[in-house]
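Structure data follow from protein-v3.pdb (PDB, C-alpha atoms):
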ATOM      1  CA  MET A   1       0.000   0.000   0.000  1.00  0.00           C
ATOM      2  CA  LYS A   2       1.551   3.292  -1.092  1.00  0.00           C
ATOM      3  CA  THR A   3       1.480   6.084   1.476  1.00  0.00           C
ATOM      4  CA  ALA A   4       1.584   9.871   1.113  1.00  0.00           C
ATOM      5  CA  PHE A   5       2.563  12.191   3.934  1.00  0.00           C
ATOM      6  CA  TYR A   6       1.228  15.755   4.088  1.00  0.00           C
ATOM      7  CA  PRO A   7       2.817  17.693   6.968  1.00  0.00           C
ATOM      8  CA  CYS A   8       1.532  21.134   8.008  1.00  0.00           C
ATOM      9  CA  CYS A   9      -1.713  20.569   6.112  1.00  0.00           C
ATOM     10  CA  ASN A  10      -4.125  22.694   8.169  1.00  0.00           C
ATOM     11  CA  ARG A  11      -7.613  22.242   6.598  1.00  0.00           C
ATOM     12  CA  ASP A  12      -6.295  21.275   3.156  1.00  0.00           C
ATOM     13  CA  VAL A  13      -7.660  17.726   2.934  1.00  0.00           C
ATOM     14  CA  GLU A  14     -10.349  17.198   0.286  1.00  0.00           C
ATOM     15  CA  GLU A  15      -8.477  18.375  -2.806  1.00  0.00           C
ATOM     16  CA  PRO A  16      -5.258  16.507  -1.903  1.00  0.00           C
ATOM     17  CA  CYS A  17      -7.343  13.313  -1.607  1.00  0.00           C
ATOM     18  CA  ARG A  18      -8.542  13.809  -5.172  1.00  0.00           C
ATOM     19  CA  ILE A  19      -5.088  14.761  -6.463  1.00  0.00           C
ATOM     20  CA  LEU A  20      -3.389  11.779  -4.817  1.00  0.00           C
ATOM     21  CA  ALA A  21      -6.058   9.216  -5.729  1.00  0.00           C
ATOM     22  CA  GLY A  22      -3.999   7.899  -8.642  1.00  0.00           C
ATOM     23  CA  GLU A  23      -0.719   7.947  -6.711  1.00  0.00           C
ATOM     24  CA  VAL A  24      -1.370   6.327  -3.291  1.00  0.00           C
ATOM     25  CA  GLN A  25      -3.867   4.257  -1.313  1.00  0.00           C
ATOM     26  CA  ARG A  26      -3.268   6.049   2.033  1.00  0.00           C
ATOM     27  CA  ILE A  27      -2.621   9.655   3.043  1.00  0.00           C
ATOM     28  CA  VAL A  28      -1.322  10.663   6.466  1.00  0.00           C
ATOM     29  CA  PHE A  29      -2.195  14.291   7.185  1.00  0.00           C
ATOM     30  CA  CYS A  30      -0.420  16.144   9.965  1.00  0.00           C
ATOM     31  CA  ASP A  31      -0.728  19.479  11.704  1.00  0.00           C
ATOM     32  CA  VAL A  32       0.171  20.716  15.155  1.00  0.00           C
ATOM     33  CA  ASN A  33      -3.163  22.546  15.672  1.00  0.00           C
ATOM     34  CA  PRO A  34      -5.530  20.456  17.876  1.00  0.00           C
ATOM     35  CA  SER A  35      -8.550  22.549  16.846  1.00  0.00           C
ATOM     36  CA  LEU A  36      -8.385  20.848  13.413  1.00  0.00           C
ATOM     37  CA  GLU A  37      -9.546  17.501  14.810  1.00  0.00           C
ATOM     38  CA  LYS A  38     -13.235  18.398  14.468  1.00  0.00           C
ATOM     39  CA  HIS A  39     -12.753  19.417  10.818  1.00  0.00           C
ATOM     40  CA  TRP A  40     -10.731  16.284  10.106  1.00  0.00           C
ATOM     41  CA  ARG A  41     -13.348  13.999  11.705  1.00  0.00           C
ATOM     42  CA  ARG A  42     -16.002  15.539   9.468  1.00  0.00           C
ATOM     43  CA  ILE A  43     -13.840  15.010   6.385  1.00  0.00           C
ATOM     44  CA  ALA A  44     -13.018  11.423   7.390  1.00  0.00           C
ATOM     45  CA  THR A  45     -16.711  10.557   7.622  1.00  0.00           C
ATOM     46  CA  LEU A  46     -17.584  11.970   4.221  1.00  0.00           C
ATOM     47  CA  ASN A  47     -17.946   9.305   1.598  1.00  0.00           C
ATOM     48  CA  LEU A  48     -16.385  11.427  -1.141  1.00  0.00           C
ATOM     49  CA  ASN A  49     -15.606   8.561  -3.471  1.00  0.00           C
ATOM     50  CA  ASP A  50     -14.721   4.892  -3.023  1.00  0.00           C
ATOM     51  CA  ASP A  51     -11.635   5.406  -5.181  1.00  0.00           C
ATOM     52  CA  LEU A  52     -10.091   7.963  -2.819  1.00  0.00           C
ATOM     53  CA  PRO A  53      -7.187   7.015  -0.565  1.00  0.00           C
ATOM     54  CA  ALA A  54      -7.749   6.109   3.065  1.00  0.00           C
ATOM     55  CA  THR A  55      -6.973   9.011   5.390  1.00  0.00           C
ATOM     56  CA  GLU A  56      -5.238   9.221   8.737  1.00  0.00           C
ATOM     57  CA  PHE A  57      -4.737  12.348  10.812  1.00  0.00           C
ATOM     58  CA  ILE A  58      -1.974  13.113  13.281  1.00  0.00           C
ATOM     59  CA  VAL A  59      -2.127  16.137  15.574  1.00  0.00           C
ATOM     60  CA  ASP A  60       1.538  16.644  16.309  1.00  0.00           C
ATOM     61  CA  ASP A  61       4.693  18.363  15.232  1.00  0.00           C
ATOM     62  CA  ALA A  62       5.732  17.349  11.707  1.00  0.00           C
ATOM     63  CA  PHE A  63       9.044  15.903  12.953  1.00  0.00           C
ATOM     64  CA  ALA A  64       7.289  13.755  15.563  1.00  0.00           C
ATOM     65  CA  ALA A  65       4.699  12.587  13.033  1.00  0.00           C
ATOM     66  CA  LEU A  66       7.449  11.695  10.592  1.00  0.00           C
ATOM     67  CA  SER A  67       9.049   9.404  13.157  1.00  0.00           C
ATOM     68  CA  ARG A  68       5.767   7.467  13.447  1.00  0.00           C
ATOM     69  CA  LEU A  69       5.688   6.496   9.772  1.00  0.00           C
ATOM     70  CA  ASP A  70       7.360   3.382   8.451  1.00  0.00           C
ATOM     71  CA  VAL A  71       7.485   4.152   4.726  1.00  0.00           C
ATOM     72  CA  ILE A  72       6.621   7.218   2.690  1.00  0.00           C
ATOM     73  CA  ASP A  73       6.115   6.922  -1.057  1.00  0.00           C
ATOM     74  CA  VAL A  74       4.921  10.480  -1.701  1.00  0.00           C
ATOM     75  CA  LEU A  75       5.525  13.742   0.121  1.00  0.00           C
ATOM     76  CA  PHE A  76       2.687  16.185  -0.579  1.00  0.00           C
ATOM     77  CA  TYR A  77       3.359  19.748   0.532  1.00  0.00           C
ATOM     78  CA  ARG A  78       1.832  23.056  -0.477  1.00  0.00           C
ATOM     79  CA  ARG A  79       0.477  26.427   0.632  1.00  0.00           C
ATOM     80  CA  ASP A  80       2.728  26.774   3.658  1.00  0.00           C
ATOM     81  CA  SER A  81       4.817  29.737   4.725  1.00  0.00           C
ATOM     82  CA  GLY A  82       7.269  30.812   7.343  1.00  0.00           C
ATOM     83  CA  GLY A  83       5.128  33.839   8.233  1.00  0.00           C
ATOM     84  CA  GLU A  84       2.158  34.365  10.485  1.00  0.00           C
ATOM     85  CA  GLY A  85      -0.237  31.454  10.111  1.00  0.00           C
ATOM     86  CA  GLY A  86       2.403  29.278   8.439  1.00  0.00           C
ATOM     87  CA  SER A  87       4.213  26.353   9.970  1.00  0.00           C
ATOM     88  CA  GLY A  88       7.673  27.891   9.894  1.00  0.00           C
ATOM     89  CA  ILE A  89       9.011  24.437   8.979  1.00  0.00           C
ATOM     90  CA  PHE A  90      11.156  24.293   5.874  1.00  0.00           C
ATOM     91  CA  VAL A  91       9.949  20.893   4.658  1.00  0.00           C
ATOM     92  CA  LEU A  92      12.161  21.000   1.556  1.00  0.00           C
ATOM     93  CA  GLY A  93      15.135  22.269   3.570  1.00  0.00           C
ATOM     94  CA  ASP A  94      17.882  19.925   4.708  1.00  0.00           C
ATOM     95  CA  VAL A  95      16.835  19.820   8.376  1.00  0.00           C
ATOM     96  CA  PHE A  96      13.491  18.191   7.498  1.00  0.00           C
ATOM     97  CA  LEU A  97      14.453  16.609   4.171  1.00  0.00           C
ATOM     98  CA  ARG A  98      17.218  14.408   5.602  1.00  0.00           C
ATOM     99  CA  PRO A  99      14.981  12.541   8.139  1.00  0.00           C
ATOM    100  CA  LEU A 100      12.142  12.453   5.608  1.00  0.00           C
ATOM    101  CA  LEU A 101      14.323  10.636   3.088  1.00  0.00           C
ATOM    102  CA  LYS A 102      15.150   7.994   5.705  1.00  0.00           C
ATOM    103  CA  ARG A 103      11.438   7.083   5.579  1.00  0.00           C
ATOM    104  CA  PHE A 104      11.209   7.038   1.788  1.00  0.00           C
ATOM    105  CA  ALA A 105      10.654   3.695   0.085  1.00  0.00           C
ATOM    106  CA  PRO A 106      14.030   2.146  -0.865  1.00  0.00           C
ATOM    107  CA  LYS A 107      13.176   2.304  -4.583  1.00  0.00           C
ATOM    108  CA  GLY A 108      12.236   5.989  -4.302  1.00  0.00           C
ATOM    109  CA  GLY A 109       9.053   7.938  -4.706  1.00  0.00           C
ATOM    110  CA  LEU A 110       7.641  11.367  -5.415  1.00  0.00           C
ATOM    111  CA  ILE A 111       7.417  14.830  -4.006  1.00  0.00           C
ATOM    112  CA  ILE A 112       4.341  16.755  -5.109  1.00  0.00           C
ATOM    113  CA  THR A 113       4.718  20.390  -4.110  1.00  0.00           C
ATOM    114  CA  ASP A 114       4.309  24.030  -5.009  1.00  0.00           C
ATOM    115  CA  GLY A 115       7.738  24.675  -3.471  1.00  0.00           C
ATOM    116  CA  SER A 116       6.314  26.776  -0.645  1.00  0.00           C
ATOM    117  CA  ASN A 117       8.431  27.558   2.391  1.00  0.00           C
ATOM    118  CA  SER A 118      11.582  26.299   0.660  1.00  0.00           C
ATOM    119  CA  ARG A 119      15.037  26.851   2.047  1.00  0.00           C
ATOM    120  CA  GLY A 120      18.536  26.598   0.651  1.00  0.00           C
ATOM    121  CA  SER A 121      17.325  26.636  -2.978  1.00  0.00           C
ATOM    122  CA  ASN A 122      16.616  22.892  -2.827  1.00  0.00           C
ATOM    123  CA  PHE A 123      13.271  23.250  -4.605  1.00  0.00           C
ATOM    124  CA  LYS A 124      14.682  25.387  -7.438  1.00  0.00           C
ATOM    125  CA  ARG A 125      17.465  22.864  -7.923  1.00  0.00           C
ATOM    126  CA  MET A 126      15.067  19.885  -7.810  1.00  0.00           C
ATOM    127  CA  VAL A 127      12.983  21.233 -10.696  1.00  0.00           C
ATOM    128  CA  ARG A 128      15.803  22.555 -12.880  1.00  0.00           C
ATOM    129  CA  GLN A 129      16.715  20.509 -15.934  1.00  0.00           C
ATOM    130  CA  SER A 130      19.774  18.885 -14.305  1.00  0.00           C
ATOM    131  CA  GLY A 131      17.927  18.142 -11.062  1.00  0.00           C
ATOM    132  CA  LEU A 132      19.597  17.774  -7.671  1.00  0.00           C
ATOM    133  CA  ALA A 133      21.609  14.983  -6.047  1.00  0.00           C
ATOM    134  CA  LYS A 134      21.599  15.213  -2.263  1.00  0.00           C
ATOM    135  CA  HIS A 135      21.644  12.909   0.774  1.00  0.00           C
ATOM    136  CA  GLY A 136      22.015   9.845  -1.486  1.00  0.00           C
ATOM    137  CA  TRP A 137      18.970  10.671  -3.624  1.00  0.00           C
ATOM    138  CA  ARG A 138      18.368  12.251  -7.027  1.00  0.00           C
ATOM    139  CA  PHE A 139      15.524  14.727  -7.389  1.00  0.00           C
ATOM    140  CA  SER A 140      14.246  15.700 -10.826  1.00  0.00           C
ATOM    141  CA  ALA A 141      11.075  17.110 -12.304  1.00  0.00           C
ATOM    142  CA  SER A 142       9.041  14.250 -13.750  1.00  0.00           C
ATOM    143  CA  SER A 143       8.417  14.340 -17.481  1.00  0.00           C
ATOM    144  CA  ASP A 144       4.706  14.042 -16.649  1.00  0.00           C
ATOM    145  CA  GLN A 145       3.397  17.180 -14.886  1.00  0.00           C
ATOM    146  CA  PRO A 146      -0.384  16.670 -14.558  1.00  0.00           C
ATOM    147  CA  TYR A 147      -0.811  19.109 -11.638  1.00  0.00           C
ATOM    148  CA  ARG A 148       1.158  22.139 -12.903  1.00  0.00           C
ATOM    149  CA  ALA A 149      -1.518  23.945 -14.917  1.00  0.00           C
ATOM    150  CA  GLN A 150      -4.469  23.834 -12.518  1.00  0.00           C
ATOM    151  CA  GLN A 151      -2.955  23.329  -9.052  1.00  0.00           C
ATOM    152  CA  GLY A 152       0.515  24.823  -9.571  1.00  0.00           C
ATOM    153  CA  LEU A 153       2.139  21.665  -8.218  1.00  0.00           C
ATOM    154  CA  TRP A 154       5.378  20.087  -9.380  1.00  0.00           C
ATOM    155  CA  ARG A 155       5.733  16.320  -9.553  1.00  0.00           C
ATOM    156  CA  ILE A 156       9.333  15.545  -8.549  1.00  0.00           C
ATOM    157  CA  SER A 157      10.825  12.089  -8.922  1.00  0.00           C
ATOM    158  CA  VAL A 158      13.029  10.911  -6.036  1.00  0.00           C
ATOM    159  CA  VAL A 159      15.331   7.926  -6.672  1.00  0.00           C
ATOM    160  CA  PRO A 160      18.366   6.540  -4.858  1.00  0.00           C
ATOM    161  CA  VAL A 161      21.701   7.353  -6.497  1.00  0.00           C
ATOM    162  CA  ALA A 162      24.884   5.385  -6.904  1.00  0.00           C
ATOM    163  CA  GLY A 163      27.506   5.885  -4.177  1.00  0.00           C
ATOM    164  CA  ASP A 164      29.782   8.124  -6.242  1.00  0.00           C
ATOM    165  CA  GLU A 165      26.957  10.503  -7.212  1.00  0.00           C
ATOM    166  CA  ALA A 166      25.619  11.056  -3.675  1.00  0.00           C
TER     167      ALA A 166
END
Would you mind writing the file out in structure tokens?
Amino acid sequence: MKTAFYPCCNRDVEEPCRILAGEVQRIVFCDVNPSLEKHWRRIATLNLNDDLPATEFIVDDAFAALSRLDVIDVLFYRRDSGGEGGSGIFVLGDVFLRPLLKRFAPKGGLIITDGSNSRGSNFKRMVRQSGLAKHGWRFSASSDQPYRAQQGLWRISVVPVAGDEA
């Protein structure tokens, strides 16, 4: 069963379920705000479509939630900021990216993101033509970009690299 992880999601649940329906069978949403539980319970009880992924919700810090997951096949991350109302967590920055990649499936996976709250130019380097090799993984924009036009999301392929390239 392929799993997506969406840290710092706030109330952004329904559309990601539809977007990720063809990618994963399970989505783990996470946010530190306990007042979201009521909203999440309502969403979880909606029978939106039998073809949508199963949903799980974790009220906790993104780092703590990450440590609870065995395998991540897709990181979904959008609409976050470092400013007021944002998480302040640089999910695509090295501090979060390194432990995240330890949870990625050994064969690799995907990052689906708008590049929000990026740090250290990782996102810009991931989507450039030559991609990015970092922490033993290669990041590159997928040739198929089904979410760019309407949702403004990049589909980034993440694969393990050979020892000399890492």
The residue from A:Cys9, A:Cys17, A:Ala64, A:Ile111 with the smallest atom-to-atom distance to Asp80 of chain A, counting all atoms listed in the file, is A:Cys9
Given the file shown, enumerate the residues that the PyMOL selection byres ((chain A and resi 154) around 7) captures and present them as a ChimeraX atom specification.
/A:112-114,145,147-148,152-153,155-156
Take the PyMOL selection byres ((chain A and resi 24) around 7), run it mentally on this structure, and tell me the resulting residues as a PyMOL selection string.
chain A and resi 2-4+20-23+25-26+53
On this structure, the PyMOL selection byres ((chain A and resi 15) around 12) would catch which residues? List them as an MDAnalysis selection string, sorted by chain and number.
chainID A and resid 9 11:14 16:21 43 48 52:53 76 78 147 150:151
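One finds atom CA of Leu100 of chain A at 18.5 Å from atom CA of Gly131 of chain A.
Taking atom CA of Phe63 of chain A as the reference point, atom CA of Ala162 of chain A is found at 27.5 Å.
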Closest to Val74 of chain A among A:Val59, A:Val32, A:Gly109, A:Leu132, using only C-alpha atoms?
A:Gly109
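The space between atom CA of Arg125 of chain A and atom CA of Leu101 of chain A spans 16.8 Å.
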Which is closer to Val91 of chain A than all the others in A:Pro160, A:Gly120, A:Gly136, A:Pro106, using all atoms listed in the file?
A:Gly120
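If you measure from each of A:Ala44, A:Ile58, A:Val95, A:Val158 to Leu75 of chain A using all atoms listed in the file, the closest one turns out to be A:Val158.
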In terms of the shortest atom-to-atom distance over all atoms listed in the file, which of A:Phe139, A:Pro146, A:Leu66, A:Phe90 is closest to Asn117 of chain A?
A:Phe90
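Proximity ranking of A:Ile27, A:Cys8, A:Leu110, A:Glu37 relative to Ala62 of chain A places A:Cys8 first, based on all atoms listed in the file.
Using all atoms listed in the file, the set of residues no farther than 7 Å from the position (2.6, 13.4, 6.8) comprises Ala4, Phe5, Tyr6, Pro7, Val28, Phe29, Cys30, Ala65 and Leu66 of chain A.
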Build an axis-aligned box that encloses every atom of segment 6-23 of chain A listed in the file, pad it by 5 Å on each side, and report its centre and edge lengths in Å to one decimal, as AutoDock Vina command-line options.
--center_x -3.8 --center_y 15.3 --center_z -0.2 --size_x 23.2 --size_y 24.8 --size_z 26.8
